[in-house]
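Trainee: The following block contains the structure, expressed as structure tokens.
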Amino acid sequence: MVDKRHTFHLVDPSPWPLVTSRFLLGLTGGTAMYFHGYMGRLFISMFSLIRVIVSMCFWFRDIVRESTYQGRHTVNVQNGLRMGVILFITSEVLFFFSFFWAFFHSRLVPTIDIGSVWPPVGILALNPWEVPLLNTIILLSSGVTVTWAHHSIVGGERRQRIQRLTLTILLGLFFTSLQYLEYVEAAFTIADSVYGSTFYMATGFHGVHVIVGTTLLFVSLLRVLDHHMTSEHHFGFEAAAWYWHFVDVVWLFLFVSIYWWGNA
């Protein structure tokens, strides 16, 4: 037996980082081929996506196993993971900052190429008080339910945490469905001037983050059903909740700046 003189976890050799990065490269290449209309582009993209999902499932399985069954996620390890999640969310804030920068630049000083007005000439902007307002209410409600679920986990209330996590996931799916319908009904596309580009890049990437956050919460729900989380040891859910609150805050900025102020 190894004489372990520290409380940190030295990760065992794993194939999943290399395998996942390889499949992500294939997904990126397949997506680029799809945009340029190459033969077999859809098959390559979907096959790579499936491989990414499968490799991530195995990778997550190993992490859950080492944290839940092997007890390797000590207090020091959890603190390191918290710092990692904080840095990750910080990088995501900067990621969305670039989209807001592009939007504010074009909104405050519209060029002659788009008619020197905002929204540009020929763009029929979406009404912010219809679907966008409803989606705002849905996301804010989901922020309340995920916090409620956190309190249920800390308080040891198993039935309540399952119900509240399930409700949060359903609200996330409802938001995604409404955003899809909004895209279908929109009178402009991503190719319609800088307005379409900034609108779809910002709201589209936010939609992707909602899907990722919903997936993280679904995994947390499965772990709750399998008795993985206790009132003292539930960082997996805590990280998912932090991510979900970040998604909520970004949407508030999107609603106020792009949907409301951008259409005024």
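In the structure tokens, the first chain shown is A, the next is B, and so on; residue numbers restart at 1 for each chain, and ligands run from 1 in the order shown.
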Excluding A:Val131 and its own-chain neighbours fewer than 4 positions away, which residues fall within 12 Å of it when counting only C-alpha atoms? Please give them as a count of residues only.
Mentor: 20
Trainee: Pull the alpha helix (DSSP H) assignments for stretch 104-157 of chain A out of DSSP run on the backbone, and list those residues as a list in words.
Mentor: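 Those residues are Phe104, His105, Ser106, Arg107, Leu108, Val131, Pro132, Leu133, Leu134, Asn135, Thr136, Ile137, Ile138, Leu139, Leu140, Ser141, Ser142, Gly143, Val144, Thr145, Val146, Thr147, Trp148, Ala149, His150, His151, Ser152, Ile153 and Val154 of chain A.
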Trainee: Neighbours of A:Ile86 within 10 Å (only C-alpha atoms; same-chain residues fewer than 6 positions away dropped), as a ChimeraX atom specification?
Mentor: /A:80,92,239,242-243
Trainee: Take the selection from the previous step and output its residues with N, CA and C atoms, as a PDB file, in the first residue's frame.
Mentor:
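Listing of selection.pdb after writing:
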ATOM      1  N   GLY A  80      -9.717  23.048  -4.513  1.00  0.00           N
ATOM      2  CA  GLY A  80      -9.083  23.211  -5.819  1.00  0.00           C
ATOM      3  C   GLY A  80     -10.096  23.174  -6.948  1.00  0.00           C
ATOM      4  N   GLU A  92     -15.652  32.369 -19.094  1.00  0.00           N
ATOM      5  CA  GLU A  92     -16.914  32.458 -19.827  1.00  0.00           C
ATOM      6  C   GLU A  92     -17.447  33.891 -19.823  1.00  0.00           C
ATOM      7  N   ALA A 239     -21.330  23.116  -8.302  1.00  0.00           N
ATOM      8  CA  ALA A 239     -20.713  23.667  -9.507  1.00  0.00           C
ATOM      9  C   ALA A 239     -21.757  23.884 -10.598  1.00  0.00           C
ATOM     10  N   TRP A 242     -23.735  26.990  -9.706  1.00  0.00           N
ATOM     11  CA  TRP A 242     -22.978  28.219 -10.028  1.00  0.00           C
ATOM     12  C   TRP A 242     -23.067  28.520 -11.513  1.00  0.00           C
ATOM     13  N   TYR A 243     -22.880  27.503 -12.327  1.00  0.00           N
ATOM     14  CA  TYR A 243     -22.940  27.667 -13.779  1.00  0.00           C
ATOM     15  C   TYR A 243     -24.321  28.160 -14.203  1.00  0.00           C
TER      16      TYR A 243
END
Trainee: Between A:Phe96, A:Trp129, A:Trp16, A:Phe218, which has the minimum distance to A:Trp260 (counting only C-alpha atoms)?
Mentor: A:Trp129
Trainee: Hey, what's within 7 Å of A:Ala241 if we count only C-alpha atoms and toss same-chain stuff fewer than 4 positions away? As a PyMOL selection string, please?
Mentor: chain A and resi 146+237+245
Trainee: Which stretch 209-230 of chain A residues have any atom within 9 Å of an atom of stretch 55-69 of chain A, and for each, what is the nearest pair of atoms with distance in Å to one decimal, counting only C-alpha atoms, rows sorted by chain and number, as a Markdown table?
Mentor:
| residue | atom | partner | partner_atom | distance |
| --- | --- | --- | --- | --- |
| A:Arg223 | CA | A:Val64 | CA | 8.9 |
| A:His228 | CA | A:Thr68 | CA | 6.4 |
| A:Met229 | CA | A:Thr68 | CA | 8.2 |
Trainee: Write the residues of the preceding selection, restricted to N, CA and C atoms, as a compact mmCIF listing (two decimals), in the first residue's frame.
Mentor:
# COMPACT_ATOMS: atom_id res chain seq x y z
N ARG A 223 -27.47 11.60 -9.93
CA ARG A 223 -26.63 11.30 -8.77
C ARG A 223 -27.42 11.41 -7.47
N HIS A 228 -25.82 9.77 -4.20
CA HIS A 228 -24.42 10.15 -4.25
C HIS A 228 -24.12 11.38 -3.41
N MET A 229 -25.10 12.26 -3.24
CA MET A 229 -24.85 13.55 -2.62
C MET A 229 -25.40 13.61 -1.21
Trainee: Compare A:Ile211, A:Val117, A:Ala125, A:Leu217 by their minimum atom-to-atom distance to A:Arg164, counting only C-alpha atoms, and give me the closest one.
Mentor: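 Counting only C-alpha atoms, the residue closest to A:Arg164 is A:Leu217.
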Trainee: Report, in Å to a single decimal, how far apart atom CA of A:Leu24 and atom CA of A:Ile44 are.
Mentor: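 Distance reported for this atom pair: 11.6 Å.
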Trainee: Residues at most 10 Å from A:Thr215, counting only C-alpha atoms, excluding those fewer than 3 positions away in the same chain, as number ranges by chain?
Mentor: A: 169, 172-173, 209-212, 218-221, 240
Trainee: For A:Thr31, list every protein, DNA or RNA residue within 9 Å, evaluated using only C-alpha atoms, and leave out those in the same chain fewer than 6 positions away; present the list as a list in words.
Mentor: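 Close residues of A:Thr31: Arg41, Leu42, Ile44 and Ser45 of chain A.
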Trainee: May I ask which of the residues A:Leu81, A:Ala149, A:Leu94, A:Leu49 is the closest one to A:Leu27, counting only C-alpha atoms?
Mentor: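 Closest to A:Leu27 of all the choices is A:Leu49.
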Trainee: What's around A:Trp148 at 12 Å? Count only C-alpha atoms, leave out sequence neighbours fewer than 4 positions away in its own chain, and write the answer as a PyMOL selection string.
Mentor: chain A and resi 141-144+152-155+157+160-168+241
Trainee: I need the residues from that last selection saved to file as a short mmCIF file (atom, residue, chain, number, x, y, z; two decimals), in the first residue's frame (with N, CA and C atoms), if you can.
Mentor:
data_model
loop_
_atom_site.label_atom_id
_atom_site.label_comp_id
_atom_site.auth_asym_id
_atom_site.auth_seq_id
_atom_site.Cartn_x
_atom_site.Cartn_y
_atom_site.Cartn_z
N SER A 141 -37.02 32.18 -12.72
CA SER A 141 -37.71 31.16 -11.91
C SER A 141 -36.83 29.94 -11.70
N SER A 142 -36.10 29.55 -12.75
CA SER A 142 -35.21 28.39 -12.62
C SER A 142 -34.06 28.69 -11.65
N GLY A 143 -33.61 29.95 -11.61
CA GLY A 143 -32.59 30.32 -10.63
C GLY A 143 -33.09 30.17 -9.20
N VAL A 144 -34.38 30.47 -9.00
CA VAL A 144 -34.98 30.30 -7.68
C VAL A 144 -35.09 28.82 -7.33
N SER A 152 -32.38 22.28 -0.12
CA SER A 152 -32.92 20.96 0.20
C SER A 152 -31.80 19.94 0.40
N ILE A 153 -30.75 20.05 -0.42
CA ILE A 153 -29.62 19.14 -0.27
C ILE A 153 -28.90 19.39 1.05
N VAL A 154 -28.67 20.67 1.37
CA VAL A 154 -27.99 21.01 2.63
C VAL A 154 -28.84 20.56 3.82
N GLY A 155 -30.16 20.68 3.68
CA GLY A 155 -31.06 20.30 4.77
C GLY A 155 -31.38 18.83 4.84
N GLU A 157 -33.19 17.02 2.73
CA GLU A 157 -34.56 16.71 2.32
C GLU A 157 -34.54 16.07 0.93
N GLN A 160 -37.69 16.70 -1.59
CA GLN A 160 -37.76 18.07 -2.07
C GLN A 160 -36.65 18.38 -3.07
N ARG A 161 -35.45 17.85 -2.82
CA ARG A 161 -34.35 18.14 -3.75
C ARG A 161 -34.62 17.52 -5.11
N ILE A 162 -35.23 16.33 -5.14
CA ILE A 162 -35.57 15.69 -6.41
C ILE A 162 -36.61 16.51 -7.16
N GLN A 163 -37.64 16.95 -6.46
CA GLN A 163 -38.71 17.72 -7.09
C GLN A 163 -38.19 19.05 -7.64
N ARG A 164 -37.37 19.72 -6.87
CA ARG A 164 -36.91 21.06 -7.26
C ARG A 164 -35.86 20.98 -8.37
N LEU A 165 -35.04 19.95 -8.34
CA LEU A 165 -34.09 19.76 -9.43
C LEU A 165 -34.83 19.43 -10.72
N THR A 166 -35.83 18.58 -10.63
CA THR A 166 -36.62 18.22 -11.80
C THR A 166 -37.31 19.45 -12.38
N LEU A 167 -37.86 20.29 -11.53
CA LEU A 167 -38.53 21.51 -11.99
C LEU A 167 -37.54 22.44 -12.69
N THR A 168 -36.34 22.54 -12.15
CA THR A 168 -35.32 23.40 -12.79
C THR A 168 -34.97 22.88 -14.17
N ALA A 241 -24.92 24.48 -10.12
CA ALA A 241 -25.75 25.61 -9.71
C ALA A 241 -25.04 26.94 -9.98
#
Trainee: Between atom CA of A:Phe97 and atom CA of A:Thr198, what is the distance in Å, rounded to a tenth?
Mentor: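 A separation of 11.9 Å between them.
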Trainee: Counting only C-alpha atoms, which of A:Pro15, A:Pro120, A:Gly30, A:Gly84 gets nearest to A:Ser193?
Mentor: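 Going through A:Pro15, A:Pro120, A:Gly30, A:Gly84 one by one, the smallest distance to A:Ser193 is for A:Pro120.
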Trainee: Nearest to A:Arg159: which of A:His227, A:Arg107, A:His206, A:His9 is it, counting only C-alpha atoms?
Mentor: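 Checking each of A:His227, A:Arg107, A:His206, A:His9 against A:Arg159, counting only C-alpha atoms, the winner is A:His227.
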